[in-house]
file work07.cif (mmCIF, C-alpha atoms)
data_upload
loop_
_atom_site.label_atom_id
_atom_site.label_comp_id
_atom_site.auth_asym_id
_atom_site.auth_seq_id
_atom_site.Cartn_x
_atom_site.Cartn_y
_atom_site.Cartn_z
CA GLN D 111 12.35 10.87 12.16
CA VAL D 112 10.18 8.21 10.59
CA GLN D 113 9.67 8.44 6.86
CA LEU D 114 7.81 6.33 4.36
CA VAL D 115 8.70 7.07 0.77
CA GLU D 116 6.72 5.58 -2.08
CA TYR D 117 7.93 5.34 -5.63
CA GLY D 118 7.20 3.43 -8.81
CA GLY D 119 4.01 5.16 -9.89
CA GLY D 120 3.51 6.51 -13.36
CA LEU D 121 1.35 6.62 -16.46
CA VAL D 122 0.39 3.31 -18.04
CA GLN D 123 -2.13 2.11 -20.56
CA ALA D 124 -5.06 -0.06 -19.55
CA GLY D 125 -3.87 -3.60 -19.06
CA GLY D 126 -0.44 -2.48 -17.99
CA ALA D 127 1.43 -3.09 -14.76
CA LEU D 128 3.53 -1.25 -12.21
CA ARG D 129 5.51 -2.17 -9.13
CA LEU D 130 5.09 0.27 -6.29
CA SER D 131 7.65 0.36 -3.52
CA CYS D 132 7.61 1.93 -0.08
CA ALA D 133 10.90 2.37 1.72
CA ALA D 134 10.80 3.08 5.45
CA SER D 135 13.46 4.86 7.43
CA GLY D 136 13.84 6.12 10.95
CA ARG D 137 12.74 2.86 12.58
CA THR D 138 12.15 -0.73 11.68
CA PHE D 139 8.69 -2.00 10.86
CA SER D 140 9.62 -5.66 10.82
CA SER D 141 7.05 -6.41 13.55
CA SER D 142 4.27 -4.22 12.16
CA VAL D 143 1.45 -4.51 9.71
CA MET D 144 2.03 -2.39 6.62
CA GLY D 145 -0.55 -1.43 4.08
CA TRP D 146 -1.41 0.34 0.86
CA PHE D 147 -4.32 2.70 0.40
CA ARG D 148 -5.37 4.82 -2.52
CA GLN D 149 -7.28 8.01 -3.12
CA ALA D 150 -8.85 9.06 -6.38
CA PRO D 151 -9.85 12.68 -7.07
CA GLY D 152 -13.00 13.59 -5.22
CA LYS D 153 -13.11 10.28 -3.36
CA GLU D 154 -12.16 9.11 0.10
CA ARG D 155 -8.98 7.23 0.75
CA GLU D 156 -9.65 3.48 0.53
CA PHE D 157 -7.93 0.31 1.58
CA VAL D 158 -6.07 -1.62 -1.10
CA ALA D 159 -3.91 -4.25 0.61
CA ALA D 160 -2.06 -5.04 3.82
CA ILE D 161 0.52 -7.54 4.98
CA ASN D 162 1.42 -8.86 8.40
CA TRP D 163 4.87 -8.61 9.95
CA SER D 164 6.22 -11.85 8.47
CA GLY D 165 4.58 -11.56 5.08
CA GLY D 166 2.71 -14.78 5.73
CA THR D 167 -0.72 -13.19 5.82
CA THR D 168 -2.05 -10.75 3.26
CA TYR D 169 -5.30 -8.85 2.95
CA TYR D 170 -6.89 -7.34 -0.14
CA ALA D 171 -9.81 -5.16 -1.05
CA ASP D 172 -12.49 -6.89 -3.09
CA PHE D 173 -11.82 -4.73 -6.14
CA VAL D 174 -8.27 -6.08 -6.39
CA LYS D 175 -9.68 -9.39 -7.68
CA GLY D 176 -6.32 -11.10 -7.88
CA ARG D 177 -4.67 -8.31 -9.85
CA PHE D 178 -2.50 -6.88 -7.06
CA THR D 179 0.11 -8.56 -4.88
CA ILE D 180 1.57 -7.11 -1.69
CA SER D 181 4.90 -8.30 -0.36
CA ARG D 182 7.63 -7.10 1.97
CA ASP D 183 11.35 -7.39 2.56
CA ASN D 184 12.04 -6.76 6.23
CA ALA D 185 15.78 -6.72 5.67
CA LYS D 186 15.27 -3.71 3.42
CA ASN D 187 12.43 -2.24 5.50
CA THR D 188 10.42 -2.08 2.29
CA VAL D 189 6.93 -3.10 1.22
CA TYR D 190 5.87 -3.60 -2.38
CA LEU D 191 2.64 -3.60 -4.34
CA GLN D 192 2.65 -5.28 -7.71
CA VAL D 193 -0.32 -3.96 -9.67
CA ASN D 194 -1.31 -5.81 -12.83
CA SER D 195 -4.14 -5.54 -15.35
CA LEU D 196 -4.57 -1.89 -14.48
CA GLN D 197 -7.80 -0.18 -15.47
CA PRO D 198 -8.67 3.53 -15.67
CA GLU D 199 -10.62 3.21 -12.42
CA ASP D 200 -7.36 2.32 -10.68
CA THR D 201 -6.14 5.86 -11.28
CA ALA D 202 -5.34 7.35 -7.88
CA VAL D 203 -2.60 8.41 -5.54
CA TYR D 204 -1.33 5.31 -3.79
CA TYR D 205 -0.19 5.67 -0.19
CA CYS D 206 1.92 3.42 1.99
CA ALA D 207 1.06 3.14 5.68
CA ALA D 208 2.60 1.52 8.73
CA ARG D 209 1.80 0.97 12.36
CA ARG D 210 3.80 1.97 15.40
CA THR D 211 2.94 -1.23 17.28
CA SER D 212 2.65 -4.91 16.53
CA TYR D 213 -1.17 -4.72 16.65
CA SER D 214 -2.42 -6.90 13.82
CA GLY D 215 -6.18 -6.36 13.83
CA ASN D 216 -8.45 -4.09 11.81
CA VAL D 217 -6.05 -3.78 8.88
CA TYR D 218 -8.75 -2.36 6.61
CA ASN D 219 -9.23 0.85 8.59
CA LEU D 220 -6.91 3.72 7.76
CA VAL D 221 -7.20 5.22 11.25
CA SER D 222 -5.36 2.20 12.65
CA TYR D 223 -2.14 3.24 10.89
CA ASP D 224 0.29 5.69 12.43
CA TYR D 225 2.68 6.61 9.63
CA TRP D 226 1.95 7.59 6.06
CA GLY D 227 3.99 8.30 2.98
CA GLN D 228 3.44 11.20 0.65
CA GLY D 229 1.91 9.03 -2.05
CA THR D 230 2.77 8.08 -5.60
CA GLN D 231 0.51 8.85 -8.55
CA VAL D 232 -0.78 6.02 -10.71
CA THR D 233 -2.56 7.09 -13.88
CA VAL D 234 -4.13 4.56 -16.22
CA SER D 235 -5.18 5.67 -19.68
CA SER D 236 -7.87 3.90 -21.67
#
call {"tool": "encode", "arguments": {"input": "work07.cif", "output": "structure tokens"}}
result
Amino acid sequence: QVQLVEYGGGLVQAGGALRLSCAASGRTFSSSVMGWFRQAPGKEREFVAAINWSGGTTYYADFVKGRFTISRDNAKNTVYLQVNSLQPEDTAVYYCAARRTSYSGNVYNLVSYDYWGQGTQVTVSS
């Protein structure tokens, strides 16, 4: 059974930072794109960042503006999202996602991902 488990969320003040982690089990994702999405209350889930199988190519949403960094450790089957300079508008549930195949296109679209974690809450106070 494939599982993606996110952790590292929490409550921080504006300007603070967190490191989100997503540990995969049940299969290896070393050849797959992995991504992070987020969903704020009353809003649709949106793309945050993605990373290719080797970690050599990364993709970010425009609102990240250099504040977030995605990385991965294939030996640990884990992907990370370092989130810095957090603002109240970053408050959301952050979800990890992975693909079943090695398809590397269309990383911004959530429907192109096959596996999802349960999410980790990030709350930023002003």
call {"tool": "residues_around", "arguments": {"input": "work07.cif", "residues": "D:Pro198", "least_positions_apart": "4", "cutoff": "9 Å", "atoms": "only C-alpha atoms", "output": "JSON, numbers by chain"}}
result
{"D": [123, 124, 233, 234, 235, 236]}
call {"tool": "resolve_selection", "arguments": {"input": "work07.cif", "expression": "the PyMOL selection byres ((chain D and resi 151) around 9)", "output": "PyMOL selection string"}}
result
chain D and resi 149-150+152-154+201-203
call {"tool": "resolve_selection", "arguments": {"input": "work07.cif", "expression": "the PyMOL selection byres ((chain D and resi 187-192) around 10)", "output": "PyMOL selection string"}}
result
chain D and resi 114-118+127-135+137-140+144-146+158-161+165+177-186+193-194+204+206-208
call {"tool": "resolve_selection", "arguments": {"input": "work07.cif", "expression": "the PyMOL selection byres ((chain D and resi 220) around 9)", "output": "ChimeraX atom specification"}}
result
/D:145,147,155-157,207,216-219,221-224
call {"tool": "atom_distance", "arguments": {"input": "work07.cif", "atom1": "atom CA of D:Ser142", "atom2": "atom CA of D:Tyr169"}}
result
14.1 Å
call {"tool": "residues_around", "arguments": {"input": "work07.cif", "residues": "D:Ser214", "least_positions_apart": "6", "cutoff": "9 Å", "atoms": "only C-alpha atoms", "output": "VMD selection string"}}
result
chain D and resid 142 to 143 162 to 163
call {"tool": "atom_distance", "arguments": {"input": "work07.cif", "atom1": "atom CA of D:Thr167", "atom2": "atom CA of D:Trp226"}}
result
21.0 Å
call {"tool": "closest_residue", "arguments": {"input": "work07.cif", "among": "D:Gly176, D:Gly126, D:Gly166, D:Gly215", "to": "D:Ser195", "atoms": "all atoms listed in the file"}}
result
D:Gly126
call {"tool": "closest_residue", "arguments": {"input": "work07.cif", "among": "D:Thr211, D:Arg148, D:Gln197, D:Leu121", "to": "D:Gly227", "atoms": "only C-alpha atoms"}}
result
D:Arg148
call {"tool": "atom_distance", "arguments": {"input": "work07.cif", "atom1": "atom CA of D:Val174", "atom2": "atom CA of D:Val122"}}
result
17.3 Å
call {"tool": "axis_aligned_box", "arguments": {"input": "work07.cif", "around": "stretch 136-142 of chain D", "padding_each_side": "8 Å", "output": "JSON"}}
result
{"center_x": 9.1, "center_y": -0.1, "center_z": 12.2, "size_x": 25.6, "size_y": 28.5, "size_z": 18.7}
call {"tool": "closest_residue", "arguments": {"input": "work07.cif", "among": "D:Val112, D:Gly125, D:Thr168, D:Gln231", "to": "D:Leu196", "atoms": "all atoms listed in the file"}}
result
D:Gly125
call {"tool": "decode", "arguments": {"input": "work07.cif", "residues": "stretch 189-219 of chain D", "atoms": "N, CA and C atoms", "output": "PDB file, in the first residue's frame"}}
result
ATOM      1  N   VAL D 189      10.588  13.854   0.152  1.00  0.00           N
ATOM      2  CA  VAL D 189      10.682  15.166  -0.485  1.00  0.00           C
ATOM      3  C   VAL D 189      10.438  16.220   0.589  1.00  0.00           C
ATOM      4  N   TYR D 190      11.104  17.345   0.446  1.00  0.00           N
ATOM      5  CA  TYR D 190      11.048  18.409   1.443  1.00  0.00           C
ATOM      6  C   TYR D 190      10.572  19.708   0.806  1.00  0.00           C
ATOM      7  N   LEU D 191      10.016  20.562   1.648  1.00  0.00           N
ATOM      8  CA  LEU D 191       9.685  21.922   1.220  1.00  0.00           C
ATOM      9  C   LEU D 191      10.094  22.867   2.350  1.00  0.00           C
ATOM     10  N   GLN D 192      11.136  23.611   2.101  1.00  0.00           N
ATOM     11  CA  GLN D 192      11.566  24.633   3.042  1.00  0.00           C
ATOM     12  C   GLN D 192      10.776  25.895   2.732  1.00  0.00           C
ATOM     13  N   VAL D 193      10.037  26.390   3.719  1.00  0.00           N
ATOM     14  CA  VAL D 193       9.205  27.572   3.509  1.00  0.00           C
ATOM     15  C   VAL D 193       9.698  28.667   4.429  1.00  0.00           C
ATOM     16  N   ASN D 194      10.148  29.751   3.832  1.00  0.00           N
ATOM     17  CA  ASN D 194      10.711  30.886   4.571  1.00  0.00           C
ATOM     18  C   ASN D 194       9.853  32.128   4.366  1.00  0.00           C
ATOM     19  N   SER D 195      10.095  33.124   5.201  1.00  0.00           N
ATOM     20  CA  SER D 195       9.393  34.414   5.092  1.00  0.00           C
ATOM     21  C   SER D 195       7.892  34.203   4.960  1.00  0.00           C
ATOM     22  N   LEU D 196       7.348  33.361   5.826  1.00  0.00           N
ATOM     23  CA  LEU D 196       5.935  33.023   5.741  1.00  0.00           C
ATOM     24  C   LEU D 196       5.064  34.242   6.050  1.00  0.00           C
ATOM     25  N   GLN D 197       3.954  34.319   5.341  1.00  0.00           N
ATOM     26  CA  GLN D 197       2.985  35.385   5.507  1.00  0.00           C
ATOM     27  C   GLN D 197       1.615  34.781   5.824  1.00  0.00           C
ATOM     28  N   PRO D 198       0.726  35.537   6.421  1.00  0.00           N
ATOM     29  CA  PRO D 198      -0.602  34.995   6.753  1.00  0.00           C
ATOM     30  C   PRO D 198      -1.309  34.361   5.553  1.00  0.00           C
ATOM     31  N   GLU D 199      -1.084  34.889   4.369  1.00  0.00           N
ATOM     32  CA  GLU D 199      -1.726  34.320   3.180  1.00  0.00           C
ATOM     33  C   GLU D 199      -1.167  32.963   2.797  1.00  0.00           C
ATOM     34  N   ASP D 200      -0.103  32.533   3.436  1.00  0.00           N
ATOM     35  CA  ASP D 200       0.439  31.192   3.206  1.00  0.00           C
ATOM     36  C   ASP D 200      -0.271  30.144   4.065  1.00  0.00           C
ATOM     37  N   THR D 201      -1.147  30.582   4.925  1.00  0.00           N
ATOM     38  CA  THR D 201      -1.903  29.663   5.768  1.00  0.00           C
ATOM     39  C   THR D 201      -2.739  28.727   4.909  1.00  0.00           C
ATOM     40  N   ALA D 202      -2.537  27.428   5.092  1.00  0.00           N
ATOM     41  CA  ALA D 202      -3.219  26.427   4.267  1.00  0.00           C
ATOM     42  C   ALA D 202      -2.826  25.043   4.758  1.00  0.00           C
ATOM     43  N   VAL D 203      -3.515  24.052   4.239  1.00  0.00           N
ATOM     44  CA  VAL D 203      -3.062  22.676   4.389  1.00  0.00           C
ATOM     45  C   VAL D 203      -2.155  22.378   3.200  1.00  0.00           C
ATOM     46  N   TYR D 204      -0.982  21.893   3.489  1.00  0.00           N
ATOM     47  CA  TYR D 204       0.002  21.600   2.450  1.00  0.00           C
ATOM     48  C   TYR D 204       0.020  20.094   2.188  1.00  0.00           C
ATOM     49  N   TYR D 205      -0.114  19.743   0.907  1.00  0.00           N
ATOM     50  CA  TYR D 205      -0.206  18.344   0.515  1.00  0.00           C
ATOM     51  C   TYR D 205       0.985  17.943  -0.346  1.00  0.00           C
ATOM     52  N   CYS D 206       1.459  16.757  -0.121  1.00  0.00           N
ATOM     53  CA  CYS D 206       2.489  16.147  -0.949  1.00  0.00           C
ATOM     54  C   CYS D 206       1.802  15.276  -2.001  1.00  0.00           C
ATOM     55  N   ALA D 207       2.387  15.221  -3.196  1.00  0.00           N
ATOM     56  CA  ALA D 207       1.816  14.415  -4.267  1.00  0.00           C
ATOM     57  C   ALA D 207       2.930  13.746  -5.061  1.00  0.00           C
ATOM     58  N   ALA D 208       2.598  12.588  -5.628  1.00  0.00           N
ATOM     59  CA  ALA D 208       3.585  11.846  -6.414  1.00  0.00           C
ATOM     60  C   ALA D 208       2.910  11.183  -7.596  1.00  0.00           C
ATOM     61  N   ARG D 209       3.708  10.850  -8.582  1.00  0.00           N
ATOM     62  CA  ARG D 209       3.182  10.200  -9.768  1.00  0.00           C
ATOM     63  C   ARG D 209       3.525   8.727  -9.768  1.00  0.00           C
ATOM     64  N   ARG D 210       2.696   7.959 -10.440  1.00  0.00           N
ATOM     65  CA  ARG D 210       2.933   6.516 -10.572  1.00  0.00           C
ATOM     66  C   ARG D 210       3.998   6.243 -11.629  1.00  0.00           C
ATOM     67  N   THR D 211       4.081   7.105 -12.637  1.00  0.00           N
ATOM     68  CA  THR D 211       4.996   6.860 -13.751  1.00  0.00           C
ATOM     69  C   THR D 211       6.127   7.873 -13.745  1.00  0.00           C
ATOM     70  N   SER D 212       6.984   7.746 -14.737  1.00  0.00           N
ATOM     71  CA  SER D 212       8.104   8.671 -14.879  1.00  0.00           C
ATOM     72  C   SER D 212       7.748   9.876 -15.742  1.00  0.00           C
ATOM     73  N   TYR D 213       6.464  10.024 -16.094  1.00  0.00           N
ATOM     74  CA  TYR D 213       6.020  11.181 -16.881  1.00  0.00           C
ATOM     75  C   TYR D 213       6.438  12.477 -16.180  1.00  0.00           C
ATOM     76  N   SER D 214       7.054  13.376 -16.952  1.00  0.00           N
ATOM     77  CA  SER D 214       7.625  14.570 -16.325  1.00  0.00           C
ATOM     78  C   SER D 214       6.976  15.868 -16.788  1.00  0.00           C
ATOM     79  N   GLY D 215       5.925  15.773 -17.597  1.00  0.00           N
ATOM     80  CA  GLY D 215       5.285  16.993 -18.063  1.00  0.00           C
ATOM     81  C   GLY D 215       4.175  17.469 -17.146  1.00  0.00           C
ATOM     82  N   ASN D 216       3.674  18.676 -17.432  1.00  0.00           N
ATOM     83  CA  ASN D 216       2.467  19.194 -16.794  1.00  0.00           C
ATOM     84  C   ASN D 216       2.517  19.109 -15.268  1.00  0.00           C
ATOM     85  N   VAL D 217       3.602  19.521 -14.686  1.00  0.00           N
ATOM     86  CA  VAL D 217       3.787  19.353 -13.235  1.00  0.00           C
ATOM     87  C   VAL D 217       2.881  20.254 -12.440  1.00  0.00           C
ATOM     88  N   TYR D 218       2.299  21.294 -13.085  1.00  0.00           N
ATOM     89  CA  TYR D 218       1.506  22.279 -12.354  1.00  0.00           C
ATOM     90  C   TYR D 218       0.073  21.812 -12.105  1.00  0.00           C
ATOM     91  N   ASN D 219      -0.342  20.771 -12.792  1.00  0.00           N
ATOM     92  CA  ASN D 219      -1.736  20.337 -12.736  1.00  0.00           C
ATOM     93  C   ASN D 219      -1.922  19.195 -11.744  1.00  0.00           C
TER      94      ASN D 219
END
